[in-house]
Amino acid sequence: MYLKNAWYVAGWNSEFQKDQLVSRRLLGQDIVFYRRGDGSVAALEDRCCHRAAPLSKGQQEGDQIRCMYHGLLFNCAGQCVEVPGQERISDKLKVRSFPTEVRDNLVWIWMGQPELADASEIKQVHWHNREGWRVEEGGYLRYASGVQLIVDNLLDFSHLGFVHNKSIGTRKQGNIRPETEFQGETVSVRFTTLGSPPPAFARELGQLPENVDRFNYYVWHIRGNLFVQDSVIAPVGEGYESLDPATMKLHTFIALTPCDENTAHYFWATAHNNFTSTTEDLTRRLTEQVAHAFDEDREIIEAQQAVISTAPDAPMVAIAADGTLLKVRRMLDALLLEERSPKAATQ
Amino acid sequence: MYLKNAWYVAGWNSEFQKDQLVSRRLLGQDIVFYRRGDGSVAALEDRCCHRAAPLSKGQQEGDQIRCMYHGLLFNCAGQCVEVPGQERISDKLKVRSFPTEVRDNLVWIWMGQPELADASEIKQVHWHNREGWRVEEGGYLRYASGVQLIVDNLLDFSHLGFVHNKSIGTRKQGNIRPETEFQGETVSVRFTTLGSPPPAFARELGQLPENVDRFNYYVWHIRGNLFVQDSVIAPVGEGYESLDPATMKLHTFIALTPCDENTAHYFWATAHNNFTSTTEDLTRRLTEQVAHAFDEDREIIEAQQAVISTAPDAPMVAIAADGTLLKVRRMLDALLLEERSPKAATQ
Amino acid sequence: MYLKNAWYVAGWNSEFQKDQLVSRRLLGQDIVFYRRGDGSVAALEDRCCHRAAPLSKGQQEGDQIRCMYHGLLFNCAGQCVEVPGQERISDKLKVRSFPTEVRDNLVWIWMGQPELADASEIKQVHWHNREGWRVEEGGYLRYASGVQLIVDNLLDFSHLGFVHNKSIGTRKQGNIRPETEFQGETVSVRFTTLGSPPPAFARELGQLPENVDRFNYYVWHIRGNLFVQDSVIAPVGEGYESLDPATMKLHTFIALTPCDENTAHYFWATAHNNFTSTTEDLTRRLTEQVAHAFDEDREIIEAQQAVISTAPDAPMVAIAADGTLLKVRRMLDALLLEERSPKAATQ
C-alpha cells in the first residue's frame with residue numbers, strides 16, 4: 001500500500017541525461033524516464049501496452065519513445081502514434097504517463113490521480129543549492145527494507161545514542177525525549193541536547209569547545225516521505241541562533257520513495273555553513289561522515305527488516321518514545337483510507 | 001500446461017555420450033538419459049521411486065541404471081529388477097520411461113501417452129546433415145522465459161525491422177505483412193522483402209548487389225514447437241529459385257522444448273549453400289552472426305518475460321500483425337483441451 | 001514441525017567465545033548466545049521485543065545484553081531491565097530465554113516448555129573427551145535438507161554399500177540387514193559384516209588382515225536426534241571385544257539440530273583407539289576420511305531433498321529395509337502429537 005497522491009522524489013536531476021532512457025521502479029511500478037527537448041523529464045510506464053516489452057530497451061526519437069520489439073512509437077503523454085505497417089491506431093494503444101517536475105536539483109514524480117497533481121505543493125529543499133551553503137552532490141542509498149521502518153527511524157532520534165554513538169550521536173542522546181508538534185500532514189520535532197561533548201564527527205571536523213548545545217529541529221512530511229532538518233551544534237549557551245564562527249549548522253534533507261513493499265530509495269543531501277575548521281576538503285569529509293552514519297542506520301534497519309520478514313505478524317511492544325511514530329502511522333493509515341475511498345476518486 | 005503428445009527435441013545427439021548419465025529438465029520433469037549398447041538412448045524419470053534420489057547420480061550397468069543411494073537397479077523400461085538384500089520385487093517399484101528416437105543428429109523424446117508415440121511423425125530437419133550444405137555444430141540457448149513468448153517472436157517477423165535492424169534484418173521489414181496459411185497443425189508463412197539493400201550480415205559475408213529480394217519462407221509446427229525455415233537473399237528479380245552464384249540460401253531450424261513454465265531450451269542450426277564469398281571460415285562466421293541475432297531475440301524476450309512476471313494478468317493490446325499468433329494460440333489451446341479430455345485418454 | 005521438548009546440540013563449546021554474540025537459527029527460531037561470567041551460556045530469542053532488531057547486533061554488558069537500536073537492556077532471563085529515558089518498565093518487555101547446558105564440549109539447548117527441562121536427561125557423548133581415545137576438534141556440516149532425510153540415512157546402513165563403497169563401506173554391505181531393537185525413545189541397531197575385506201579407509205590407515213569382521217552397533221535417540229555409534233573392525237573371528245592391537249575401534253556421535261524445515265545443522269565427532277598404524281598424524285587423517293564419507297552422504301541427501309522439493313507430494317515406494325525408518329517416523333509422529341496435546345501443555 002502506497003500513498004499515491006503525493007510528489008515523490010524520482011531521482012537526482014543529474015541522473016537523467018539527454019538521450020538516455022532510465023528505468024526505475026517506484027511504488028511497485030517500473031517507470032521509464034527520458035529528457036525532453038525543453039529540458040523537462042518524461043515518465044511513462046516501462047511496459048509497452050502491446051506485448052509488455054520494456055520501453056527502456058527502446059529508443060528515444062525527439063520527445064517520443066519507440067518500443068524496439070515491434071516498433072510502436074509513443075508520445076510523451078503515453079499515446080501510441082505509430083504502428084509500423086498499420087494505418088489506424090486504436091486509442092487503447094497507450095501507456096500510462098506521469099507528471100514530473102524538475103526542481104532543486106531533483107526530479108519529482110506524481111503517481112496518483114493526474115488531475116490532482118499540483119506542482120506548487122512540492123516541498124522546498126533548496127538548501128543544497130543556496131548561496132552560502134556548501135554541499136556535495138546528492139547522496140543515494142538503496143534499502144533492502146520497506147519505507148516504514150526508515151520512517152520510524154527518522155521519527156525517533158533516541159537511536160542517536162546507540163546506532164550512532166561513535167559517529168554523529170552521543171550516548172546521552174539515548175535518554176532525551178523530543179518536543180513534537182503535529183500540524184496537518186507534517187510533524188515538527190525539536191530534539192535538544194544541552195551541555196555535553198560534541199559528537200565524534202564534530203570533534204574531528206570543527207573547532208568547538210569541550211561542551212556544546214545541540215539542536216536537531218526537523219519537519220517530517222508524511223505525504224511524499226520527506227525529512228527536512230535544521231541542525232545546529234553551538235558552544236554552550238549560544239543558542240540555536242548562534243553567530244559564533246565555530247558553530248556548525250547543517251541542513252539535511254532525506255526523501256524516501258518506495259521501490260516496492262520491501263525495498264526503498266533513499267535520496268539525501270547535507271549542506272553546511274562555513275564554520276571554523278582546519279580540515280582540507282571539508283565538505284567532502286563531512287559528507288562522508290554523514291554517509292557513514294546513514295550506513296549505520298541502514299545496517300540496523302535492514303537487519304530489523306530481515307527479522308520481521310521471518311515472522312511478519314509477531315507483536316512489537318511499544319515504549320514511551322514510540323508515541324510519535326505510532327501517531328504518524330495512524331495518520332498515514334487515515335490518508336491511505338481517504339485516498340482509496342470512492343469520494344476521493346470522484347474529486 | 002504443456003502439450004505432451006508430441007515429439008520434442010531432447011538434445012543434440014552429441015550431448016549423450018556413452019557411459020554418461022545426462023539429467024535434463026523437460027516439460028517440468030527431470031529426465032535422466034543414457035546411451036544403450038545398441039546406440040539408442042534410454043530416458044527415465046530422474047527420481048528413484050524408492051526414496052526420490054536422482055538416478056542421474058547413480059551408475060549405468062549395461063542397459064540398466066542403478067540408484068547409488070540404496071542400490072536399486074532399473075531396466076531401461078523403468079522396472080526395478082534388483083533390490084539388494086531382498087528377494088521379491090514389487091511391480092510398483094518402477095519409474096516412468098519415455099520413448100526416444102535418434103534422428104538428424106537430434107534426440108527426440110515423447111512425454112505423452114506412450115501408446116500414441118509414433119516415430120514416423122517426427123519432422124524432417126535433415127538440411128543440417130545433407131550434402132551440399134554447410135553447417136556448424138548445433139546451437140543451443142537457454143531461455144529465462146516460457147516457450148510461448150519465443151513462439152510469438154518466431155510467428156511475427158516484423159520484429160526483424162527493430163530487434164535485428166543492425167544484424168539480420170532491415171528497418172523496412174518492420175512494415176511488411178506476411179502471407180500466412182494454416183494447414184492442420186502447421187502454419188506456413190511467406191515473408192517477402194523486395195528491392196532493398198541486404199541486411200548487415202549478408203553485406204559482410206556475401207557478394208550481393210546493392211539491392212536484393214529476400215524470401216523468408218517457413219513452417220511452424222505447433223505440436224513439438226518446431227520452426228523450419230527456407231531463406232533466400234537474391235539479386236532483384238532473380239526470384240526464390242535463383243541460381244545466381246551470389247544468392248544466399250539458408251536453412252534454419254529451431255526447436256523449442258519447455259524446461260518448465262518459465263524457462264525453455266532452444267535448439268537451433270543454420271545450414272547454408274555455397275554462395276560467392278571471400279570470407280575465410282565462412283560457415284563459422286555466418287553461424288556466429290545468426291547466433292548473435294538469436295541473442296538479440298533472447299535479450300528482448302527475457303526482458304519481456306521479466307515485465308510480465310511482475311504483473312502476469314495485466315492486459316496486452318493486440319495490433320493487426322498479431323492475428324497469426326493469436327490464431328496459433330487458440331489452436332494450441334484446443335489441442336491442450338483435446339489432450340486433457342477423457343476421450344483422448346481412452347483412445 | 002519440530003519436537004521441542006528435547007535437548008538439542010546448539011553448537012561446539014568452542015564456538016561460544018567470551019564477549020562474542022553468536023546468532024544461530026535452531027528449530028526455525030533465531031537465537032543469540034553469549035557467555036556469562038560464570039562460564040555458562042545464555043540463549044535468548046534474537047529479536048528485540050520492542051522493534052524486532054536482532055539482539056546479536058547489540059552488545060554484552062556483564063551478563064546482560066543491550067539492543068543497540070534504541071538501547072533496551074535485557075538480563076539473561078530475557079526481561080528488559082532498562083529503557084533509556086523511561087522510568088517504568090513493563091513486564092511485557094521481555095524476550096524468550098532458553099535453558100542451556102555445557103557438557104562434553106558441547107552446548108545443549110532446550111527449546112520446549114522450560115519447566116520440563118531436566119539436564120540429567122542429556123545423553124552421554126563423552127568418548128570424544130575420554131582418556132585413551134584420540135579425536136580431532138568437532139566437525140560440522142550445514143545441510144541443505146530437512147533433518148528427516150538425514151535421520152533416514154542414519155537408520156539404514158545398507159547405503160554403506162553404495163554411497164560409501166569407495167570410502168568407509170563395501171559393496172557387500174548393501175545386502176546386509178541389521179538387527180534392530182526398540183526401547184522407549186531409542187532404537188538400537190546392530191549391523192554386522194562378517195568375513196570380508198576391510199573398507200578403503202581401514203586398508204589405508206590400519207594393519208588389518210585381508211578379511212575382517214565388522215560391527216556397527218549404534219543407538220538412535222529420537223528425542224534430540226542423536227546418533228551414538230560403537231564401531232569395530234577386527235580380524236575374522238576376533239569378535240566385537242577383540243583385543244588384537246590391529247583392531248580398529250571408533251566411537252562416533254552425530255547430533256542433528258533442525259535449522260528450519262529444509263536446512264539442518266550436523267555436529268559430529270569420531271574418536272578412535274590406538275590401533276596399529278604407520279600413518280603419521282593418524283587422527284587427522286582418519287577424521288578427514290570420515291568427513292569425506294559424511295560429504296558423500298550430504299551430496300546424495302541434498303540431491304534427494306532437491307528432487308523432493310520439486311514434487312513434495314509424489315509417493316515413495318517402501319522396500320523391506322525401510323521398516324525401521326518407517327517405525328521411527330511413526331514414533332516421532334506420536335511424540336509430536338503428544339507434545340502438542342492439551343494434556344502435555346498442562347503437565
# chains A, B, ... in the order shown; residues from 1 in each chain; ligands from 1
$ residues_around --residues "Leu335 of chain A" --least-positions-apart "5" --cutoff "9 Å" --atoms "only C-alpha atoms" --output "list in words"
Leu3, Arg223, Arg330 and Arg340 of chain A
$ interface_residues --of "chain B" --to "chain C" --cutoff "7 Å" --atoms "only C-alpha atoms" --output "count of residues only"
15
$ atom_distance --atom1 "atom CA of Val219 of chain A" --atom2 "atom CA of Thr270 of chain A"
14.9 Å
$ select_by_dssp --residues "segment 17-217 of chain B" --states "helix (DSSP H, G or I)" --output "PyMOL selection string"
chain B and resi 55-57+114-116+119-121+126-129+147-155+157-161+171-175+200-205
$ write_last_selection --atoms "N, CA, C and O atoms" --output "compact mmCIF listing (two decimals), in the first residue's frame"
# COMPACT_ATOMS: atom_id res chain seq x y z
N LEU B 55 18.36 -40.56 -10.12
CA LEU B 55 19.09 -41.66 -10.77
C LEU B 55 20.33 -41.16 -11.50
O LEU B 55 21.28 -41.91 -11.70
N SER B 56 20.33 -39.89 -11.88
CA SER B 56 21.49 -39.35 -12.60
C SER B 56 22.73 -39.29 -11.70
O SER B 56 23.83 -39.05 -12.19
N LYS B 57 22.56 -39.50 -10.40
CA LYS B 57 23.73 -39.65 -9.52
C LYS B 57 24.06 -41.13 -9.32
O LYS B 57 24.87 -41.48 -8.46
N PRO B 114 2.32 -43.13 -23.87
CA PRO B 114 3.31 -43.92 -24.61
C PRO B 114 2.71 -44.62 -25.83
O PRO B 114 3.36 -44.74 -26.87
N GLU B 115 1.45 -45.07 -25.72
CA GLU B 115 0.86 -45.87 -26.81
C GLU B 115 0.60 -45.01 -28.05
O GLU B 115 0.35 -45.53 -29.13
N LEU B 116 0.67 -43.70 -27.90
CA LEU B 116 0.45 -42.82 -29.06
C LEU B 116 1.75 -42.43 -29.75
O LEU B 116 1.74 -41.79 -30.79
N ALA B 119 7.02 -42.82 -34.21
CA ALA B 119 8.24 -42.13 -34.65
C ALA B 119 8.13 -41.63 -36.08
O ALA B 119 8.89 -40.76 -36.50
N SER B 120 7.17 -42.16 -36.84
CA SER B 120 7.05 -41.69 -38.23
C SER B 120 6.52 -40.25 -38.28
O SER B 120 6.56 -39.61 -39.32
N GLU B 121 6.03 -39.77 -37.14
CA GLU B 121 5.52 -38.39 -37.12
C GLU B 121 6.61 -37.36 -36.82
O GLU B 121 6.34 -36.15 -36.80
N HIS B 126 16.51 -32.36 -41.95
CA HIS B 126 17.74 -33.01 -42.43
C HIS B 126 18.75 -32.07 -43.05
O HIS B 126 19.86 -32.47 -43.35
N TRP B 127 18.37 -30.79 -43.28
CA TRP B 127 19.31 -29.92 -44.01
C TRP B 127 20.69 -29.87 -43.37
O TRP B 127 21.68 -29.79 -44.03
N HIS B 128 20.65 -29.86 -42.07
CA HIS B 128 21.95 -29.66 -41.42
C HIS B 128 22.85 -30.88 -41.50
O HIS B 128 23.96 -30.84 -41.00
N ASN B 129 22.39 -31.96 -42.09
CA ASN B 129 23.37 -33.01 -42.42
C ASN B 129 23.13 -33.56 -43.84
O ASN B 129 23.28 -34.73 -44.10
N VAL B 147 8.08 -20.81 -23.18
CA VAL B 147 8.17 -21.08 -24.61
C VAL B 147 7.28 -20.15 -25.43
O VAL B 147 7.63 -19.71 -26.52
N GLN B 148 6.13 -19.78 -24.88
CA GLN B 148 5.14 -19.11 -25.71
C GLN B 148 5.62 -17.75 -26.23
O GLN B 148 5.33 -17.37 -27.36
N LEU B 149 6.37 -17.04 -25.41
CA LEU B 149 6.87 -15.73 -25.88
C LEU B 149 7.85 -15.90 -27.04
O LEU B 149 7.96 -15.04 -27.91
N ILE B 150 8.57 -17.01 -27.05
CA ILE B 150 9.51 -17.28 -28.15
C ILE B 150 8.72 -17.65 -29.40
O ILE B 150 9.04 -17.24 -30.52
N VAL B 151 7.67 -18.43 -29.22
CA VAL B 151 6.80 -18.78 -30.35
C VAL B 151 6.25 -17.50 -30.99
O VAL B 151 6.29 -17.32 -32.21
N ASP B 152 5.74 -16.60 -30.16
CA ASP B 152 5.19 -15.33 -30.66
C ASP B 152 6.23 -14.61 -31.52
O ASP B 152 5.92 -14.07 -32.59
N ASN B 153 7.43 -14.60 -31.04
CA ASN B 153 8.52 -13.93 -31.75
C ASN B 153 8.74 -14.55 -33.13
O ASN B 153 8.88 -13.85 -34.14
N LEU B 154 8.73 -15.87 -33.19
CA LEU B 154 9.01 -16.54 -34.46
C LEU B 154 7.85 -16.39 -35.43
O LEU B 154 8.04 -16.48 -36.65
N LEU B 155 6.67 -16.16 -34.91
CA LEU B 155 5.50 -16.06 -35.79
C LEU B 155 5.32 -14.65 -36.34
O LEU B 155 4.49 -14.43 -37.22
N PHE B 157 7.52 -11.84 -38.01
CA PHE B 157 8.83 -11.41 -38.49
C PHE B 157 8.97 -9.89 -38.62
O PHE B 157 10.04 -9.39 -38.99
N SER B 158 7.90 -9.14 -38.31
CA SER B 158 8.06 -7.69 -38.37
C SER B 158 9.10 -7.23 -37.35
O SER B 158 9.68 -6.16 -37.47
N HIS B 159 9.38 -8.07 -36.36
CA HIS B 159 10.41 -7.67 -35.37
C HIS B 159 11.80 -7.60 -36.01
O HIS B 159 12.71 -7.01 -35.44
N LEU B 160 11.97 -8.21 -37.21
CA LEU B 160 13.25 -8.07 -37.93
C LEU B 160 13.63 -6.60 -38.11
O LEU B 160 14.80 -6.24 -38.11
N GLY B 161 12.61 -5.76 -38.28
CA GLY B 161 12.86 -4.33 -38.53
C GLY B 161 13.33 -3.57 -37.30
O GLY B 161 13.79 -2.43 -37.43
N ARG B 171 15.27 -2.17 -41.32
CA ARG B 171 14.16 -1.41 -40.78
C ARG B 171 12.88 -1.55 -41.60
O ARG B 171 11.78 -1.67 -41.08
N LYS B 172 13.06 -1.58 -42.92
CA LYS B 172 11.91 -1.68 -43.82
C LYS B 172 11.04 -2.91 -43.50
O LYS B 172 9.81 -2.89 -43.69
N GLN B 173 11.66 -3.95 -43.03
CA GLN B 173 10.91 -5.18 -42.76
C GLN B 173 9.88 -5.02 -41.64
O GLN B 173 8.97 -5.82 -41.51
N GLY B 174 10.05 -3.96 -40.86
CA GLY B 174 9.07 -3.71 -39.81
C GLY B 174 7.69 -3.40 -40.36
O GLY B 174 6.68 -3.56 -39.66
N ASN B 175 7.61 -2.97 -41.62
CA ASN B 175 6.32 -2.59 -42.21
C ASN B 175 5.69 -3.70 -43.06
O ASN B 175 4.58 -3.54 -43.54
N ALA B 200 22.79 -6.44 -42.78
CA ALA B 200 24.22 -6.27 -42.46
C ALA B 200 25.03 -7.55 -42.61
O ALA B 200 26.12 -7.55 -43.19
N PHE B 201 24.50 -8.66 -42.12
CA PHE B 201 25.30 -9.90 -42.15
C PHE B 201 25.56 -10.33 -43.59
O PHE B 201 26.64 -10.85 -43.90
N ALA B 202 24.58 -10.12 -44.49
CA ALA B 202 24.75 -10.52 -45.90
C ALA B 202 25.74 -9.59 -46.61
O ALA B 202 26.52 -10.03 -47.46
N ARG B 203 25.71 -8.33 -46.23
CA ARG B 203 26.68 -7.40 -46.82
C ARG B 203 28.09 -7.78 -46.40
O ARG B 203 29.03 -7.73 -47.19
N GLU B 204 28.24 -8.22 -45.18
CA GLU B 204 29.58 -8.57 -44.71
C GLU B 204 30.10 -9.86 -45.32
O GLU B 204 31.26 -9.96 -45.71
N LEU B 205 29.23 -10.84 -45.44
CA LEU B 205 29.71 -12.18 -45.82
C LEU B 205 29.57 -12.48 -47.30
O LEU B 205 30.30 -13.33 -47.82
$ residues_around --residues "Ile233 of chain B" --least-positions-apart "2" --cutoff "8 Å" --atoms "only C-alpha atoms" --output "mmCIF file with N, CA and C atoms, in the first residue's frame"
data_model
loop_
_atom_site.group_PDB
_atom_site.id
_atom_site.type_symbol
_atom_site.label_atom_id
_atom_site.label_comp_id
_atom_site.auth_asym_id
_atom_site.auth_seq_id
_atom_site.Cartn_x
_atom_site.Cartn_y
_atom_site.Cartn_z
ATOM 1 N N PRO B 198 20.652 -5.427 -48.810
ATOM 2 C CA PRO B 198 20.753 -6.633 -47.985
ATOM 3 C C PRO B 198 20.976 -6.270 -46.526
ATOM 4 N N VAL B 212 18.435 -6.223 -53.193
ATOM 5 C CA VAL B 212 18.116 -7.648 -53.256
ATOM 6 C C VAL B 212 16.635 -7.870 -52.970
ATOM 7 N N ASP B 213 16.194 -9.061 -53.361
ATOM 8 C CA ASP B 213 14.890 -9.524 -52.907
ATOM 9 C C ASP B 213 15.163 -10.584 -51.838
ATOM 10 N N ARG B 214 14.258 -10.630 -50.877
ATOM 11 C CA ARG B 214 14.511 -11.549 -49.764
ATOM 12 C C ARG B 214 13.253 -12.358 -49.500
ATOM 13 N N PHE B 215 13.428 -13.665 -49.399
ATOM 14 C CA PHE B 215 12.300 -14.566 -49.189
ATOM 15 C C PHE B 215 12.534 -15.370 -47.906
ATOM 16 N N SER B 231 15.332 -19.732 -46.402
ATOM 17 C CA SER B 231 15.524 -18.293 -46.563
ATOM 18 C C SER B 231 16.440 -18.014 -47.744
ATOM 19 N N PRO B 235 19.706 -11.414 -55.922
ATOM 20 C CA PRO B 235 19.657 -10.153 -56.675
ATOM 21 C C PRO B 235 18.212 -9.879 -57.108
ATOM 22 N N THR B 247 23.640 -15.700 -54.807
ATOM 23 C CA THR B 247 22.421 -15.876 -53.997
ATOM 24 C C THR B 247 22.697 -16.698 -52.731
ATOM 25 N N MET B 248 22.274 -16.152 -51.601
ATOM 26 C CA MET B 248 22.454 -16.843 -50.320
ATOM 27 C C MET B 248 21.198 -17.632 -49.995
ATOM 28 N N LYS B 249 21.398 -18.888 -49.683
ATOM 29 C CA LYS B 249 20.269 -19.716 -49.264
ATOM 30 C C LYS B 249 20.591 -20.301 -47.888
#
$ select_by_dssp --residues "segment 78-219 of chain B" --states "strand (DSSP E)" --output "PyMOL selection string"
chain B and resi 80-82+100-103+106-110+134-135+139-143+179-183+186-196+212-219
